[in-house]
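The file run_4.pdb comes next; it holds PDB, C-alpha atoms, pLDDT in the B column.
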```pdb
MODEL        1
ATOM      1  CA  MET A   1     157.307  97.714  52.879  1.00 93.00           C
ATOM      2  CA  LYS A   2     153.655  96.687  52.711  1.00 97.00           C
ATOM      3  CA  ILE A   3     151.528  96.028  55.801  1.00 98.00           C
ATOM      4  CA  GLY A   4     148.067  94.499  55.970  1.00 98.00           C
ATOM      5  CA  ILE A   5     145.742  95.074  58.923  1.00 98.00           C
ATOM      6  CA  ILE A   6     142.910  92.793  59.963  1.00 98.00           C
ATOM      7  CA  GLN A   7     140.217  94.694  61.867  1.00 97.00           C
ATOM      8  CA  SER A   8     137.203  94.845  59.634  1.00 97.00           C
ATOM      9  CA  ARG A   9     134.779  96.575  62.017  1.00 93.00           C
ATOM     10  CA  GLY A  10     133.298  98.498  63.858  1.00 93.00           C
ATOM     11  CA  LEU A  11     133.768 102.178  63.189  1.00 96.00           C
ATOM     12  CA  GLY A  12     134.891 102.888  66.764  1.00 96.00           C
ATOM     13  CA  ASP A  13     137.476 100.098  66.572  1.00 97.00           C
ATOM     14  CA  LEU A  14     138.759 101.472  63.290  1.00 98.00           C
ATOM     15  CA  ILE A  15     139.590 104.889  64.676  1.00 97.00           C
ATOM     16  CA  ILE A  16     141.000 103.374  67.869  1.00 98.00           C
ATOM     17  CA  ALA A  17     143.400 101.428  65.649  1.00 98.00           C
ATOM     18  CA  LEU A  18     144.059 104.202  63.123  1.00 98.00           C
ATOM     19  CA  PRO A  19     147.174 105.537  64.944  1.00 98.00           C
ATOM     20  CA  ILE A  20     148.617 102.012  64.741  1.00 98.00           C
ATOM     21  CA  ALA A  21     148.265 102.108  60.969  1.00 98.00           C
ATOM     22  CA  ARG A  22     149.711 105.631  60.954  1.00 98.00           C
ATOM     23  CA  ASN A  23     152.782 104.410  62.820  1.00 98.00           C
ATOM     24  CA  TYR A  24     153.465 101.923  60.025  1.00 98.00           C
ATOM     25  CA  TYR A  25     152.754 104.577  57.402  1.00 98.00           C
ATOM     26  CA  ASP A  26     155.157 107.056  59.005  1.00 98.00           C
ATOM     27  CA  GLN A  27     157.844 104.384  58.818  1.00 97.00           C
ATOM     28  CA  GLY A  28     157.379 104.268  55.056  1.00 98.00           C
ATOM     29  CA  ALA A  29     154.925 101.378  54.781  1.00 98.00           C
ATOM     30  CA  GLU A  30     151.994 101.108  52.410  1.00 98.00           C
ATOM     31  CA  VAL A  31     148.990 100.147  54.544  1.00 98.00           C
ATOM     32  CA  TYR A  32     146.272  97.842  53.206  1.00 98.00           C
ATOM     33  CA  TRP A  33     143.165  97.525  55.349  1.00 98.00           C
ATOM     34  CA  PRO A  34     139.999  95.577  54.438  1.00 98.00           C
ATOM     35  CA  ILE A  35     136.909  96.921  56.221  1.00 98.00           C
ATOM     36  CA  CYS A  36     133.164  96.402  56.007  1.00 97.00           C
ATOM     37  CA  GLU A  37     131.813  98.431  53.115  1.00 97.00           C
ATOM     38  CA  GLU A  38     129.425 100.452  55.291  1.00 96.00           C
ATOM     39  CA  PHE A  39     132.430 102.179  56.878  1.00 97.00           C
ATOM     40  CA  MET A  40     134.180 103.028  53.617  1.00 98.00           C
ATOM     41  CA  SER A  41     132.726 106.513  53.105  1.00 98.00           C
ATOM     42  CA  THR A  42     133.932 107.736  56.496  1.00 98.00           C
ATOM     43  CA  MET A  43     137.328 106.042  56.484  1.00 98.00           C
ATOM     44  CA  THR A  44     138.305 106.875  52.901  1.00 98.00           C
ATOM     45  CA  ALA A  45     137.449 110.525  53.535  1.00 98.00           C
ATOM     46  CA  CYS A  46     139.173 110.915  56.898  1.00 98.00           C
ATOM     47  CA  ALA A  47     142.243 108.735  56.234  1.00 98.00           C
ATOM     48  CA  PRO A  48     143.002 108.739  52.489  1.00 98.00           C
ATOM     49  CA  TRP A  49     146.601 107.640  53.144  1.00 98.00           C
ATOM     50  CA  VAL A  50     145.334 104.083  53.825  1.00 98.00           C
ATOM     51  CA  ASN A  51     144.537 101.661  51.023  1.00 98.00           C
ATOM     52  CA  TRP A  52     141.020 100.814  52.183  1.00 98.00           C
ATOM     53  CA  ILE A  53     139.460  97.647  50.775  1.00 98.00           C
ATOM     54  CA  PRO A  54     135.665  97.125  50.977  1.00 97.00           C
ATOM     55  CA  LEU A  55     134.319  93.838  52.334  1.00 97.00           C
ATOM     56  CA  LYS A  56     130.768  92.521  52.169  1.00 93.00           C
ATOM     57  CA  THR A  57     129.253  92.065  55.632  1.00 92.00           C
ATOM     58  CA  ASP A  58     127.905  88.520  55.502  1.00 88.00           C
ATOM     59  CA  GLN A  59     125.667  86.638  57.944  1.00 83.00           C
ATOM     60  CA  HIS A  60     128.309  84.084  58.901  1.00 83.00           C
ATOM     61  CA  GLY A  61     130.978  86.412  60.285  1.00 87.00           C
ATOM     62  CA  SER A  62     133.568  85.453  57.656  1.00 89.00           C
ATOM     63  CA  PHE A  63     134.281  89.155  57.112  1.00 90.00           C
ATOM     64  CA  PHE A  64     135.866  89.365  60.566  1.00 94.00           C
ATOM     65  CA  TYR A  65     138.948  87.388  59.531  1.00 94.00           C
ATOM     66  CA  PHE A  66     138.676  84.977  56.599  1.00 93.00           C
ATOM     67  CA  HIS A  67     137.489  87.438  53.948  1.00 94.00           C
ATOM     68  CA  ALA A  68     139.949  90.058  55.158  1.00 96.00           C
ATOM     69  CA  TYR A  69     142.850  87.630  55.166  1.00 96.00           C
ATOM     70  CA  GLY A  70     141.828  86.227  51.797  1.00 94.00           C
ATOM     71  CA  ASN A  71     141.871  89.735  50.349  1.00 95.00           C
ATOM     72  CA  LEU A  72     145.343  90.454  51.732  1.00 97.00           C
ATOM     73  CA  LYS A  73     147.273  87.250  51.205  1.00 92.00           C
ATOM     74  CA  TYR A  74     147.846  87.742  47.454  1.00 91.00           C
ATOM     75  CA  ARG A  75     149.108  91.327  47.735  1.00 93.00           C
ATOM     76  CA  GLU A  76     152.762  90.443  48.431  1.00 94.00           C
ATOM     77  CA  LEU A  77     152.684  92.013  51.869  1.00 97.00           C
ATOM     78  CA  ASP A  78     155.601  91.982  54.274  1.00 96.00           C
ATOM     79  CA  GLU A  79     153.352  91.461  57.287  1.00 96.00           C
ATOM     80  CA  ILE A  80     149.695  90.947  58.143  1.00 97.00           C
ATOM     81  CA  VAL A  81     148.731  92.204  61.601  1.00 97.00           C
ATOM     82  CA  CYS A  82     145.529  90.978  63.237  1.00 97.00           C
ATOM     83  CA  LEU A  83     144.293  93.474  65.838  1.00 98.00           C
ATOM     84  CA  TYR A  84     141.330  91.518  67.166  1.00 96.00           C
ATOM     85  CA  GLN A  85     141.629  90.755  70.851  1.00 95.00           C
ATOM     86  CA  PHE A  86     139.493  87.625  70.494  1.00 92.00           C
ATOM     87  CA  LEU A  87     137.490  85.808  67.833  1.00 93.00           C
ATOM     88  CA  SER A  88     135.362  82.979  69.176  1.00 87.00           C
ATOM     89  CA  ASN A  89     135.893  80.791  66.115  1.00 87.00           C
ATOM     90  CA  MET A  90     139.663  81.387  66.107  1.00 91.00           C
ATOM     91  CA  PRO A  91     140.834  81.600  69.741  1.00 90.00           C
ATOM     92  CA  GLU A  92     144.335  80.656  68.634  1.00 92.00           C
ATOM     93  CA  LEU A  93     144.767  84.173  67.233  1.00 92.00           C
ATOM     94  CA  SER A  94     144.724  85.687  70.734  1.00 95.00           C
ATOM     95  CA  ASP A  95     148.007  86.214  72.511  1.00 94.00           C
ATOM     96  CA  PRO A  96     147.748  83.907  75.559  1.00 94.00           C
ATOM     97  CA  VAL A  97     149.694  86.319  77.769  1.00 95.00           C
ATOM     98  CA  LEU A  98     148.064  89.605  76.739  1.00 95.00           C
ATOM     99  CA  PHE A  99     144.475  88.465  76.245  1.00 94.00           C
ATOM    100  CA  PRO A 100     143.590  87.681  79.888  1.00 94.00           C
ATOM    101  CA  ILE A 101     144.981  90.901  81.329  1.00 95.00           C
ATOM    102  CA  LEU A 102     144.188  93.717  78.878  1.00 97.00           C
ATOM    103  CA  LYS A 103     141.139  95.557  77.626  1.00 96.00           C
ATOM    104  CA  PHE A 104     140.506  95.337  73.899  1.00 97.00           C
ATOM    105  CA  ASP A 105     142.127  98.674  73.013  1.00 98.00           C
ATOM    106  CA  GLN A 106     145.111  98.048  75.274  1.00 98.00           C
ATOM    107  CA  TYR A 107     145.522  94.683  73.535  1.00 97.00           C
ATOM    108  CA  LYS A 108     145.676  96.236  70.052  1.00 97.00           C
ATOM    109  CA  TYR A 109     148.489  98.581  71.027  1.00 98.00           C
ATOM    110  CA  ALA A 110     150.395  96.011  73.073  1.00 98.00           C
ATOM    111  CA  ARG A 111     150.102  93.576  70.166  1.00 96.00           C
ATOM    112  CA  VAL A 112     152.223  95.875  67.970  1.00 97.00           C
ATOM    113  CA  GLY A 113     154.520  97.193  70.724  1.00 97.00           C
ATOM    114  CA  MET A 114     152.988 100.659  70.977  1.00 98.00           C
ATOM    115  CA  ALA A 115     151.993 102.606  74.081  1.00 98.00           C
ATOM    116  CA  LEU A 116     148.262 103.077  74.642  1.00 98.00           C
ATOM    117  CA  LYS A 117     148.766 106.839  74.906  1.00 97.00           C
ATOM    118  CA  ASP A 118     149.517 106.765  71.165  1.00 98.00           C
ATOM    119  CA  LYS A 119     145.722 106.643  70.732  1.00 97.00           C
ATOM    120  CA  LEU A 120     145.958 110.397  71.289  1.00 97.00           C
ATOM    121  CA  ARG A 121     147.758 110.713  67.951  1.00 98.00           C
ATOM    122  CA  LEU A 122     144.398 110.287  66.233  1.00 98.00           C
ATOM    123  CA  PRO A 123     144.098 113.990  65.244  1.00 98.00           C
ATOM    124  CA  GLU A 124     147.370 113.607  63.309  1.00 97.00           C
ATOM    125  CA  CYS A 125     145.820 110.718  61.369  1.00 98.00           C
ATOM    126  CA  ILE A 126     142.586 112.388  60.290  1.00 98.00           C
ATOM    127  CA  THR A 127     141.922 114.677  57.348  1.00 98.00           C
ATOM    128  CA  ARG A 128     139.069 117.035  58.149  1.00 98.00           C
ATOM    129  CA  ASP A 129     136.729 118.807  55.722  1.00 98.00           C
ATOM    130  CA  PRO A 130     136.016 122.251  57.277  1.00 98.00           C
ATOM    131  CA  ALA A 131     133.432 123.204  54.656  1.00 98.00           C
ATOM    132  CA  ALA A 132     131.452 119.996  55.147  1.00 98.00           C
ATOM    133  CA  GLU A 133     131.677 120.343  58.923  1.00 98.00           C
ATOM    134  CA  GLU A 134     130.358 123.895  58.860  1.00 98.00           C
ATOM    135  CA  ALA A 135     127.565 122.960  56.466  1.00 98.00           C
ATOM    136  CA  LEU A 136     126.461 120.216  58.836  1.00 98.00           C
ATOM    137  CA  LYS A 137     126.657 122.584  61.807  1.00 98.00           C
ATOM    138  CA  GLU A 138     124.475 125.133  60.040  1.00 98.00           C
ATOM    139  CA  GLN A 139     121.963 122.382  59.320  1.00 97.00           C
ATOM    140  CA  VAL A 140     121.569 120.987  62.834  1.00 98.00           C
ATOM    141  CA  VAL A 141     122.499 123.816  65.249  1.00 98.00           C
ATOM    142  CA  THR A 142     119.827 126.497  65.571  1.00 97.00           C
ATOM    143  CA  ARG A 143     120.748 128.197  68.878  1.00 97.00           C
ATOM    144  CA  ASP A 144     123.845 129.852  70.281  1.00 96.00           C
ATOM    145  CA  ARG A 145     123.908 127.465  73.233  1.00 97.00           C
ATOM    146  CA  TYR A 146     123.586 123.732  72.803  1.00 98.00           C
ATOM    147  CA  ILE A 147     124.655 120.346  74.079  1.00 97.00           C
ATOM    148  CA  VAL A 148     125.419 117.303  71.951  1.00 98.00           C
ATOM    149  CA  VAL A 149     124.157 113.824  72.744  1.00 97.00           C
ATOM    150  CA  HIS A 150     124.898 110.529  71.047  1.00 96.00           C
ATOM    151  CA  LEU A 151     122.722 107.795  72.497  1.00 92.00           C
ATOM    152  CA  GLN A 152     122.630 105.127  69.779  1.00 84.00           C
ATOM    153  CA  GLY A 153     125.541 102.697  69.573  1.00 75.00           C
ATOM    154  CA  SER A 154     125.928  99.777  67.197  1.00 73.00           C
ATOM    155  CA  SER A 155     124.189  97.380  69.572  1.00 73.00           C
ATOM    156  CA  ALA A 156     122.595  99.473  72.313  1.00 78.00           C
ATOM    157  CA  ARG A 157     120.720 102.685  72.985  1.00 83.00           C
ATOM    158  CA  ALA A 158     120.793 104.810  76.140  1.00 83.00           C
ATOM    159  CA  GLN A 159     117.703 106.486  77.568  1.00 83.00           C
ATOM    160  CA  LEU A 160     118.312 109.942  79.038  1.00 87.00           C
ATOM    161  CA  ASP A 161     115.765 112.572  80.012  1.00 85.00           C
ATOM    162  CA  PHE A 162     116.667 116.136  79.025  1.00 88.00           C
ATOM    163  CA  SER A 163     113.264 117.662  79.848  1.00 86.00           C
ATOM    164  CA  ASP A 164     114.725 119.725  82.708  1.00 90.00           C
ATOM    165  CA  ILE A 165     117.368 121.403  80.585  1.00 91.00           C
ATOM    166  CA  ASP A 166     117.355 125.211  80.220  1.00 94.00           C
ATOM    167  CA  PRO A 167     114.928 125.981  77.339  1.00 92.00           C
ATOM    168  CA  ALA A 168     117.557 128.316  75.890  1.00 95.00           C
ATOM    169  CA  VAL A 169     119.870 125.349  75.360  1.00 97.00           C
ATOM    170  CA  GLN A 170     119.319 123.187  72.279  1.00 97.00           C
ATOM    171  CA  VAL A 171     119.768 119.411  72.488  1.00 97.00           C
ATOM    172  CA  VAL A 172     121.508 118.269  69.315  1.00 98.00           C
ATOM    173  CA  GLU A 173     121.426 114.507  68.844  1.00 96.00           C
ATOM    174  CA  ILE A 174     123.943 112.876  66.537  1.00 97.00           C
ATOM    175  CA  ARG A 175     121.968 110.675  64.168  1.00 92.00           C
ATOM    176  CA  GLU A 176     122.523 108.956  60.863  1.00 89.00           C
ATOM    177  CA  GLY A 177     121.396 110.501  57.608  1.00 91.00           C
ATOM    178  CA  PHE A 178     123.003 113.935  57.838  1.00 95.00           C
ATOM    179  CA  THR A 179     126.403 113.055  56.362  1.00 97.00           C
ATOM    180  CA  ASP A 180     128.210 110.065  54.877  1.00 96.00           C
ATOM    181  CA  ASN A 181     131.384 110.979  56.789  1.00 98.00           C
ATOM    182  CA  ALA A 182     130.942 110.641  60.545  1.00 98.00           C
ATOM    183  CA  VAL A 183     133.988 112.849  61.189  1.00 98.00           C
ATOM    184  CA  ASN A 184     132.022 115.807  59.825  1.00 98.00           C
ATOM    185  CA  TRP A 185     130.268 116.039  63.206  1.00 98.00           C
ATOM    186  CA  LEU A 186     133.478 117.373  64.774  1.00 98.00           C
ATOM    187  CA  ALA A 187     132.665 121.087  64.376  1.00 98.00           C
ATOM    188  CA  VAL A 188     129.243 120.535  65.984  1.00 98.00           C
ATOM    189  CA  ILE A 189     130.815 118.613  68.849  1.00 98.00           C
ATOM    190  CA  GLU A 190     133.552 121.209  69.395  1.00 98.00           C
ATOM    191  CA  GLY A 191     130.976 123.972  69.912  1.00 97.00           C
ATOM    192  CA  ALA A 192     128.909 122.157  72.536  1.00 98.00           C
ATOM    193  CA  GLU A 193     128.615 123.168  76.186  1.00 97.00           C
ATOM    194  CA  SER A 194     128.279 119.550  77.291  1.00 97.00           C
ATOM    195  CA  LEU A 195     128.513 116.093  75.728  1.00 97.00           C
ATOM    196  CA  TYR A 196     126.591 112.930  76.615  1.00 96.00           C
ATOM    197  CA  MET A 197     127.922 109.996  74.635  1.00 95.00           C
ATOM    198  CA  ILE A 198     127.388 106.283  74.584  1.00 95.00           C
ATOM    199  CA  ASP A 199     130.487 104.138  74.060  1.00 94.00           C
ATOM    200  CA  SER A 200     130.891 104.525  70.284  1.00 94.00           C
ATOM    201  CA  PHE A 201     132.879 105.985  67.408  1.00 96.00           C
ATOM    202  CA  TYR A 202     132.036 109.492  68.604  1.00 97.00           C
ATOM    203  CA  SER A 203     133.118 109.046  72.213  1.00 97.00           C
ATOM    204  CA  ASN A 204     136.442 107.649  71.009  1.00 97.00           C
ATOM    205  CA  LEU A 205     136.805 110.584  68.629  1.00 97.00           C
ATOM    206  CA  VAL A 206     136.053 113.052  71.433  1.00 98.00           C
ATOM    207  CA  ASP A 207     138.484 111.296  73.763  1.00 98.00           C
ATOM    208  CA  ALA A 208     141.409 111.563  71.353  1.00 97.00           C
ATOM    209  CA  TYR A 209     140.669 115.208  70.508  1.00 97.00           C
ATOM    210  CA  ASP A 210     140.004 115.977  74.214  1.00 96.00           C
ATOM    211  CA  ILE A 211     136.912 118.010  73.319  1.00 96.00           C
ATOM    212  CA  CYS A 212     134.819 119.751  75.997  1.00 92.00           C
ATOM    213  CA  ARG A 213     135.416 120.018  79.721  1.00 91.00           C
ATOM    214  CA  ASP A 214     131.944 118.728  80.603  1.00 96.00           C
ATOM    215  CA  LYS A 215     131.588 115.344  78.973  1.00 97.00           C
ATOM    216  CA  TRP A 216     129.733 112.251  80.112  1.00 96.00           C
ATOM    217  CA  PHE A 217     130.473 108.683  79.017  1.00 96.00           C
ATOM    218  CA  ILE A 218     127.663 106.125  78.906  1.00 94.00           C
ATOM    219  CA  PRO A 219     129.060 102.565  79.079  1.00 92.00           C
ATOM    220  CA  ARG A 220     127.339  99.740  77.224  1.00 89.00           C
ATOM    221  CA  SER A 221     129.769  96.805  77.515  1.00 86.00           C
ATOM    222  CA  LYS A 222     131.573  94.784  80.122  1.00 88.00           C
ATOM    223  CA  MET A 223     134.936  95.948  81.415  1.00 89.00           C
ATOM    224  CA  ASP A 224     137.159  94.185  78.865  1.00 90.00           C
ATOM    225  CA  LEU A 225     135.203  95.627  75.929  1.00 91.00           C
ATOM    226  CA  THR A 226     135.032  99.179  77.297  1.00 93.00           C
ATOM    227  CA  PRO A 227     137.878 101.384  76.055  1.00 96.00           C
ATOM    228  CA  VAL A 228     140.420 103.055  78.304  1.00 96.00           C
ATOM    229  CA  LEU A 229     139.535 106.760  78.159  1.00 97.00           C
ATOM    230  CA  LEU A 230     142.568 109.043  78.250  1.00 96.00           C
ATOM    231  CA  SER A 231     140.917 112.460  78.658  1.00 95.00           C
ATOM    232  CA  ASP A 232     138.675 113.726  81.463  1.00 95.00           C
ATOM    233  CA  TRP A 233     135.185 112.199  81.495  1.00 96.00           C
ATOM    234  CA  ARG A 234     132.423 111.727  83.983  1.00 95.00           C
ATOM    235  CA  TYR A 235     130.666 108.381  83.884  1.00 92.00           C
ATOM    236  CA  PHE A 236     126.904 108.195  83.535  1.00 83.00           C
ATOM    237  CA  GLY A 237     125.065 105.317  85.187  1.00 71.00           C
ATOM    238  CA  ALA A 238     122.151 105.219  82.747  1.00 57.00           C
ATOM    239  CA  GLY A 239     121.156 101.853  81.438  1.00 55.00           C
ATOM    240  CA  CYS A 240     121.156 100.847  77.796  1.00 55.00           C
ATOM    241  CA  TYR A 241     118.790  98.566  75.940  1.00 51.00           C
TER     242      TYR A 241
ENDMDL
END
```
Could you express the structure from this file as structure tokens?
Amino acid sequence: MKIGIIQSRGLGDLIIALPIARNYYDQGAEVYWPICEEFMSTMTACAPWVNWIPLKTDQHGSFFYFHAYGNLKYRELDEIVCLYQFLSNMPELSDPVLFPILKFDQYKYARVGMALKDKLRLPECITRDPAAEEALKEQVVTRDRYIVVHLQGSSARAQLDFSDIDPAVQVVEIREGFTDNAVNWLAVIEGAESLYMIDSFYSNLVDAYDICRDKWFIPRSKMDLTPVLLSDWRYFGAGCY
């Protein structure tokens, strides 16, 4: 059996949907998944069991569906599953019953008949690189005590003031440029005393791994585009810009 998945971006959406792909894989399917090329380094490293296909991110939005579908339709697949809740130029793709009542992550799982709690299977889906994780931790962590913050999402940034924090506690901010595999931040995150995270790839990763007892979620989207968090979080009211 061969299954194609249409969900070309973003990185947070990809890991939210990864347990869906794993469910097909565990049933014996070969999984083919076109994604925007900027996410390839992370996804090929953390989930090598998927046949990842790079797509160019164009200015017209064709990569969302048309380029992905065009890449899949000649591969003799048994099924192509579109996991987008809504695409403005193709509203007919949305399930008319599910779309009005579910958040975007709930929709993906309902669309394929899976329970939302299966998001928590994410650790089973991911291949970690302990050596790379420890190398990154040695590079960015310089004190025994530290917190981790991730304030920059794909379309918003949160402003938080950490000037009152205990001087003995380091503030480690997750930023681009340290690794080409975003999952390599896991060891850093697991050692933190507290987490402050904007709605992003990292907050979804933390949620599935249930890392840290003191973690704060910073929303950046309206209700339907904010994921359902399944571990214990506190919600921060800081604004984003």
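The shortest atom-to-atom distance to Ala208 of chain A, with all atoms listed in the file taken into account, belongs to A:Ser231 out of A:Ser8, A:Gln139, A:Ser231, A:Ser94.
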Q: For the structure shown, which residues end up in the PyMOL selection byres ((chain A and resi 223) around 12)? Put them as a PyMOL selection string, please?
A: chain A and resi 101-105+199+219-222+224-228
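You will find atom CA of Leu77 of chain A at 10.1 Å from atom CA of Ala29 of chain A.
On the file presented, the PyMOL selection byres ((chain A and resi 126) around 9) picks out Leu18, Ala45, Cys46, Ala47, Pro48, Leu122, Pro123, Glu124, Cys125, Thr127, Arg128 and Val183 of chain A.
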Export of prior selection with C-alpha atoms as a short mmCIF file (atom, residue, chain, number, x, y, z; two decimals), keeping the file's coordinate frame:
```
data_model
loop_
_atom_site.label_atom_id
_atom_site.label_comp_id
_atom_site.auth_asym_id
_atom_site.auth_seq_id
_atom_site.Cartn_x
_atom_site.Cartn_y
_atom_site.Cartn_z
CA LEU A 18 144.06 104.20 63.12
CA ALA A 45 137.45 110.52 53.54
CA CYS A 46 139.17 110.92 56.90
CA ALA A 47 142.24 108.74 56.23
CA PRO A 48 143.00 108.74 52.49
CA LEU A 122 144.40 110.29 66.23
CA PRO A 123 144.10 113.99 65.24
CA GLU A 124 147.37 113.61 63.31
CA CYS A 125 145.82 110.72 61.37
CA THR A 127 141.92 114.68 57.35
CA ARG A 128 139.07 117.04 58.15
CA VAL A 183 133.99 112.85 61.19
#
```
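Closest approach to Val140 of chain A from the set A:Ser154, A:Thr179, A:Gln106, A:Thr57 is made by A:Thr179, with distances taken over only C-alpha atoms.
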Q: Write out as a list in words which residues come within 12 Å of Ser88 of chain A when counting all atoms listed in the file, dropping same-chain ones fewer than 5 positions away.
A: Gly61, Ser62, Phe64, Tyr65, Leu93 and Ser94 of chain A
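What separates atom CA of Ala156 of chain A from atom CA of Ala187 of chain A is a distance of 25.1 Å.
Applied to this file, the PyMOL selection byres ((chain A and resi 169) around 9) selects Arg143, Asp144, Arg145, Tyr146, Ile147, Ile165, Asp166, Pro167, Ala168, Gln170 and Val171 of chain A.
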Hey, can you spit out that residue selection with C-alpha atoms as a CSV table (one decimal), in the coordinates of the input?
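Below is the file selection.csv, written as the result:
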```csv
chain,number,residue,atom,x,y,z
A,143,ARG,CA,120.7,128.2,68.9
A,144,ASP,CA,123.8,129.9,70.3
A,145,ARG,CA,123.9,127.5,73.2
A,146,TYR,CA,123.6,123.7,72.8
A,147,ILE,CA,124.7,120.3,74.1
A,165,ILE,CA,117.4,121.4,80.6
A,166,ASP,CA,117.4,125.2,80.2
A,167,PRO,CA,114.9,126.0,77.3
A,168,ALA,CA,117.6,128.3,75.9
A,170,GLN,CA,119.3,123.2,72.3
A,171,VAL,CA,119.8,119.4,72.5
```
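Compared by their closest atoms to Met43 of chain A, and using all atoms listed in the file, the residues A:Asp210, A:Asp180, A:Glu92, A:Glu138 rank with A:Asp180 nearest.
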With all atoms listed in the file counted, which protein, DNA or RNA residues have an atom no more than 12 Å from (117.3, 107.0, 79.0) in the file frame? Please answer as a short mmCIF file (atom, residue, chain, number, x, y, z; two decimals) with C-alpha atoms, in the frame of the given file.
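selection.cif written:
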```
data_model
loop_
_atom_site.label_atom_id
_atom_site.label_comp_id
_atom_site.auth_asym_id
_atom_site.auth_seq_id
_atom_site.Cartn_x
_atom_site.Cartn_y
_atom_site.Cartn_z
CA VAL A 149 124.16 113.82 72.74
CA HIS A 150 124.90 110.53 71.05
CA LEU A 151 122.72 107.80 72.50
CA GLN A 152 122.63 105.13 69.78
CA ALA A 156 122.60 99.47 72.31
CA ARG A 157 120.72 102.68 72.98
CA ALA A 158 120.79 104.81 76.14
CA GLN A 159 117.70 106.49 77.57
CA LEU A 160 118.31 109.94 79.04
CA ASP A 161 115.76 112.57 80.01
CA PHE A 162 116.67 116.14 79.03
CA SER A 163 113.26 117.66 79.85
CA TYR A 196 126.59 112.93 76.61
CA MET A 197 127.92 110.00 74.64
CA ILE A 198 127.39 106.28 74.58
CA ILE A 218 127.66 106.12 78.91
CA PHE A 236 126.90 108.20 83.54
CA GLY A 237 125.06 105.32 85.19
CA ALA A 238 122.15 105.22 82.75
CA GLY A 239 121.16 101.85 81.44
CA CYS A 240 121.16 100.85 77.80
CA TYR A 241 118.79 98.57 75.94
#
```
Q. By how many Å are atom CA of Phe99 of chain A and atom CA of Tyr32 of chain A apart?
A. 24.9 Å
Residues within 12 Å of Phe63 of chain A, please, as an mmCIF file with C-alpha atoms, keeping the file's coordinate frame. Count all atoms listed in the file; anything in the same chain fewer than 4 positions from it doesn't count.
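Saved the output as part_1.cif:
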```cif
data_model
loop_
_atom_site.group_PDB
_atom_site.id
_atom_site.type_symbol
_atom_site.label_atom_id
_atom_site.label_comp_id
_atom_site.auth_asym_id
_atom_site.auth_seq_id
_atom_site.Cartn_x
_atom_site.Cartn_y
_atom_site.Cartn_z
ATOM 1 C CA ILE A 6 142.910 92.793 59.963
ATOM 2 C CA GLN A 7 140.217 94.694 61.867
ATOM 3 C CA SER A 8 137.203 94.845 59.634
ATOM 4 C CA ARG A 9 134.779 96.575 62.017
ATOM 5 C CA GLY A 10 133.298 98.498 63.858
ATOM 6 C CA PRO A 34 139.999 95.577 54.438
ATOM 7 C CA ILE A 35 136.909 96.921 56.221
ATOM 8 C CA CYS A 36 133.164 96.402 56.007
ATOM 9 C CA GLU A 37 131.813 98.431 53.115
ATOM 10 C CA ILE A 53 139.460 97.647 50.775
ATOM 11 C CA PRO A 54 135.665 97.125 50.977
ATOM 12 C CA LEU A 55 134.319 93.838 52.334
ATOM 13 C CA LYS A 56 130.768 92.521 52.169
ATOM 14 C CA THR A 57 129.253 92.065 55.632
ATOM 15 C CA ASP A 58 127.905 88.520 55.502
ATOM 16 C CA GLN A 59 125.667 86.638 57.944
ATOM 17 C CA HIS A 67 137.489 87.438 53.948
ATOM 18 C CA ALA A 68 139.949 90.058 55.158
ATOM 19 C CA TYR A 69 142.850 87.630 55.166
ATOM 20 C CA GLY A 70 141.828 86.227 51.797
ATOM 21 C CA ASN A 71 141.871 89.735 50.349
ATOM 22 C CA LEU A 87 137.490 85.808 67.833
#
```
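With distances taken over all atoms listed in the file, A:Trp33 is the one residue among A:Tyr74, A:Phe178, A:Phe217, A:Trp33 lying closest to Ile20 of chain A.
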(Q) Given the point (156.7, 99.8, 53.9) in the file's coordinates, find the residues that have an atom at most 6 Å from it, counting only C-alpha atoms, and give them as a PyMOL selection string. (A) chain A and resi 1-2+28-30
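Comparing A:Leu11, A:Ala110, A:Ile5, A:Leu230 by their smallest distance to Tyr202 of chain A, the closest is A:Leu11 (using all atoms listed in the file).
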